[in-house]
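> Shown below is the structure under consideration.
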Number of protein chains: 2
Amino acid sequence: VRVAPKLAGEGRRVVVTGAGGYVGHQAVDQLLALGCEVHTLAREDSNIAGVHVHRADLLTDGDLTWQLAAIGADTLLHCAWSVAPGRFWTDPANIDWVAASLRLFRAFVSSGGRRIVGVGSCAEYDWTGSPFVEKGSPIRPSTLYGNAKAALGGLLTSFARQESISAGWGRLFFLYGPREPRGKLVADAICTLIAGQRLATTPGLQRRDFMHVEDAGRALALLALSGVEGPVNIASGVCVPVRRLIERIEILTRTSELVDYGARAPAPGDPPELAANIVRARDELGFVPRFNIDDGLADTVDWWIKKLGVRTDAERA
Amino acid sequence: VRVAPKLAGEGRRVVVTGAGGYVGHQAVDQLLALGCEVHTLAREDSNIAGVHVHRADLLTDGDLTWQLAAIGADTLLHCAWSVAPGRFWTDPANIDWVAASLRLFRAFVSSGGRRIVGVGSCAEYDWTGSPFVEKGSPIRPSTLYGNAKAALGGLLTSFARQESISAGWGRLFFLYGPREPRGKLVADAICTLIAGQRLATTPGLQRRDFMHVEDAGRALALLALSGVEGPVNIASGVCVPVRRLIERIEILTRTSELVDYGARAPAPGDPPELAANIVRARDELGFVPRFNIDDGLADTVDWWIKKLGVRTDAERA
């Protein structure tokens, strides 16, 4: 008789906010694969495979304590936020999301919850200090988004210590992958090149840590199920020039000479490097990314080709 | 014909939250004296002389934009907070007040408001770094209260910059004065000694900046009416051992030998000195405290004697 090994999430009931979103969706898939029972709070009726959906509006509803108590989850993974491409850095809705998140955390603890994980950002760090380490790199955000995430992360840590609950804070770096909204670098590059249109970019010399969104979701799921306290960088650990990504996308989309490198000036003050130290995620979560940049971009281009209904060379042949 | 000089607050309409509170009350008096039209939002029907009272609950009400728009104030001075003596350092309600304050700031700007002043605390600073200067002293709060104030102050500054409005942040140090709640050092010492009871205290060697609450209210009023941006220490600029206060209260209450200095141990980690640099308030607000510690305590003891109905020696004679 063979007994199936127990999964890390068996017997765990987790509430995930933003479960239909770009990152939340991936975190949900990973939590389900790890054996968790997953619940979500959603503004609209929605159907997410395998997830118990409860109607709630985090921004406008009153006290959610009783609704959360009825769910009875031990863990909250809070992915919901306002992240409209291009606008989220300066969006005053960042203020609303800090307020809504604090109300959610309070209600979750009042409902009996014992573990909260929130989603932070590399934008919390002082961007002149790359590479960034969770304990040591100064926090000095330059945007409203970065300030909102830094303030919320600091408050969550302090609140959890005071209430003797457990709290983790996953700082995401740069993401790409299936379902990325248009208006973001990789999604726009792929769609533009698939359509055979010209792409105007910066010289692309700035180096960034880009991670496949599925890896990000898995790291957040592991963080939620762990007892790791405080901030954890969630990144690939590999920092590449943006041009390296675009060149790979050119190859994957079988285009050439369509990209005008340098046609756009880099944003003023754009730092040359934003790299993550990922020792904490590796050692304390046992997290290792599954995708390198080449395979991750191949997976992403495949997804867009399917979504856009583009016929590949093989199909056309 | 003599023309009265224009007052600094003439033509200014200011909303003050917490207008019935210990500090807010003093700020209101000063704003009225400076010629402002003062409005407040209050949970309960209340009568504050000279103030327009509007019913609202900052913690539980929905969007306050329309109510604030009907008031049409240019300036918000936000004094309301949960400050139960002894409990406020660790009170989870600090989280609720950050959320409520952010919602209030958003609503005030949406209503057309152009200037927001919030109330911060010396508890935001890294307490090993006394004396504290607004620009330069590191922010490293060790309590939930300090974290909440630091997070809110940082977010207010960032939000205001993004929305092109003006924002100031008054960091209060240690206060004493009329209407101080029982459970606080000076109020308890005065009431205990007036009653002829024994007072158990620490050796009292720790040095603190103590300010008369009327001075604090005036500094906040000046800050509200100014265009000064960011944090401003609101303190007396004089740092004295706590024992110096108690000895003065012994003299003012005509008691002796009732205080057991050293009967209580100092709180673990209590820093030897918490001193404020007040150059910014002096130079940019033109603020000079009216009370020194001796006169301020005399004023406070007088107030308690009246309130408690204690007959003075002269009356008894």
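Residues are named by chain letter and number: chains run A, B, ... in the order of the structure tokens, numbers start at 1 in each chain, and ligands are numbered from 1 in the order shown.
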List as a tab-separated table every residue of chain A that is in contact with chain B, defined as an atom at most 7 Å from one of its atoms (using only C-alpha atoms), together with the nearest atom pair and the distance in Å rounded to one decimal, sorted by chain and then rising number.

residue	atom	partner	partner_atom	distance
A:Thr90	CA	B:Gln162	CA	6.6
A:Pro92	CA	B:Phe159	CA	7.0
A:Ile95	CA	B:Leu102	CA	6.4
A:Asp96	CA	B:Arg103	CA	6.6
A:Ala99	CA	B:Ala99	CA	4.0
A:Leu102	CA	B:Ala99	CA	6.2
A:Arg103	CA	B:Asp96	CA	6.6
A:Leu144	CA	B:Ser158	CA	5.6
A:Asn147	CA	B:Leu155	CA	6.2
A:Ala148	CA	B:Leu155	CA	6.5
A:Ala151	CA	B:Ala151	CA	4.9
A:Leu155	CA	B:Asn147	CA	6.2
A:Ser158	CA	B:Leu144	CA	5.6
A:Phe159	CA	B:Leu144	CA	6.3
A:Gln162	CA	B:Thr90	CA	6.6
> Report, in Å to a single decimal, how far apart CA of Val119 in chain B and CA of Ala70 in chain B are.
24.5 Å
> Which residues are close to Gly227 in chain B, i.e. within 10 Å by only C-alpha atoms, leaving aside same-chain residues fewer than 6 positions away? Reply as a list in words.
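My list of contacting residues is Arg115, Ile116, Val117, Ser166, Ala167, Gly168, Glu284 and Leu285 of chain B.
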> Give me a file of those residues, with N, CA, C and O atoms, as a JSON list (two decimals), in the first residue's frame.

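out01.json written:
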[["chain", "number", "residue", "atom", "x", "y", "z"],
["B", 115, "ARG", "N", -5.08, 72.26, 2.02],
["B", 115, "ARG", "CA", -4.02, 72.22, 3.04],
["B", 115, "ARG", "C", -4.45, 71.24, 4.13],
["B", 115, "ARG", "O", -5.57, 71.35, 4.65],
["B", 116, "ILE", "N", -3.59, 70.27, 4.42],
["B", 116, "ILE", "CA", -3.87, 69.30, 5.47],
["B", 116, "ILE", "C", -2.71, 69.32, 6.47],
["B", 116, "ILE", "O", -1.55, 69.27, 6.08],
["B", 117, "VAL", "N", -3.07, 69.41, 7.75],
["B", 117, "VAL", "CA", -2.07, 69.26, 8.80],
["B", 117, "VAL", "C", -2.49, 68.12, 9.72],
["B", 117, "VAL", "O", -3.62, 68.06, 10.20],
["B", 166, "SER", "N", -0.97, 71.13, -0.16],
["B", 166, "SER", "CA", 0.03, 71.47, 0.85],
["B", 166, "SER", "C", -0.24, 70.63, 2.10],
["B", 166, "SER", "O", -1.40, 70.41, 2.46],
["B", 167, "ALA", "N", 0.83, 70.15, 2.76],
["B", 167, "ALA", "CA", 0.62, 69.33, 3.95],
["B", 167, "ALA", "C", 1.73, 69.54, 4.98],
["B", 167, "ALA", "O", 2.90, 69.58, 4.63],
["B", 168, "GLY", "N", 1.33, 69.68, 6.23],
["B", 168, "GLY", "CA", 2.28, 69.78, 7.34],
["B", 168, "GLY", "C", 2.01, 68.68, 8.35],
["B", 168, "GLY", "O", 0.92, 68.08, 8.36],
["B", 284, "GLU", "N", 10.25, 79.00, 10.94],
["B", 284, "GLU", "CA", 9.29, 78.94, 9.83],
["B", 284, "GLU", "C", 7.86, 79.25, 10.27],
["B", 284, "GLU", "O", 7.04, 79.66, 9.45],
["B", 285, "LEU", "N", 7.54, 79.00, 11.53],
["B", 285, "LEU", "CA", 6.19, 79.34, 12.02],
["B", 285, "LEU", "C", 6.22, 80.60, 12.89],
["B", 285, "LEU", "O", 5.17, 81.14, 13.23]]
> Which residues are near range 33-35 of chain A? Cut-off 8 Å, only C-alpha atoms, ignore same chain within fewer than 5 positions. Put them as a ChimeraX atom specification.
/A:7-12
> Report as a list in words all protein, DNA and RNA residues lying within 9 Å of Val16 in chain B, evaluated on only C-alpha atoms, omitting residues in the same chain fewer than 5 positions from it.
Gly24, Ala27, Val28, Val38, His39, Thr40, Leu41, Thr75, Leu76, Leu77, His78, Cys79 and Ala80 of chain B
> Could you tell me how far CA of Gly269 in chain A lies from CA of Lys135 in chain A, in Å and to one decimal?
24.8 Å
> Could you give me, as a PyMOL selection string, the residues within 12 Å of Ala267 in chain B, counting only C-alpha atoms and dropping anything in the same chain fewer than 6 positions from it?
chain B and resi 201-204+206
> To one decimal in Å, tell me the separation between CA of Ile251 in chain A and CA of Arg290 in chain A.
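If I compute the distance from CA of Ile251 in chain A to CA of Arg290 in chain A, I get 21.4 Å.
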> Need the shell around Thr255 in chain B: protein/DNA/RNA residues with any atom at most 10 Å away, counting only C-alpha atoms. Skip same-chain ones fewer than 4 positions apart. Format as a ChimeraX atom specification?
/B:193-197,247,249-251,259
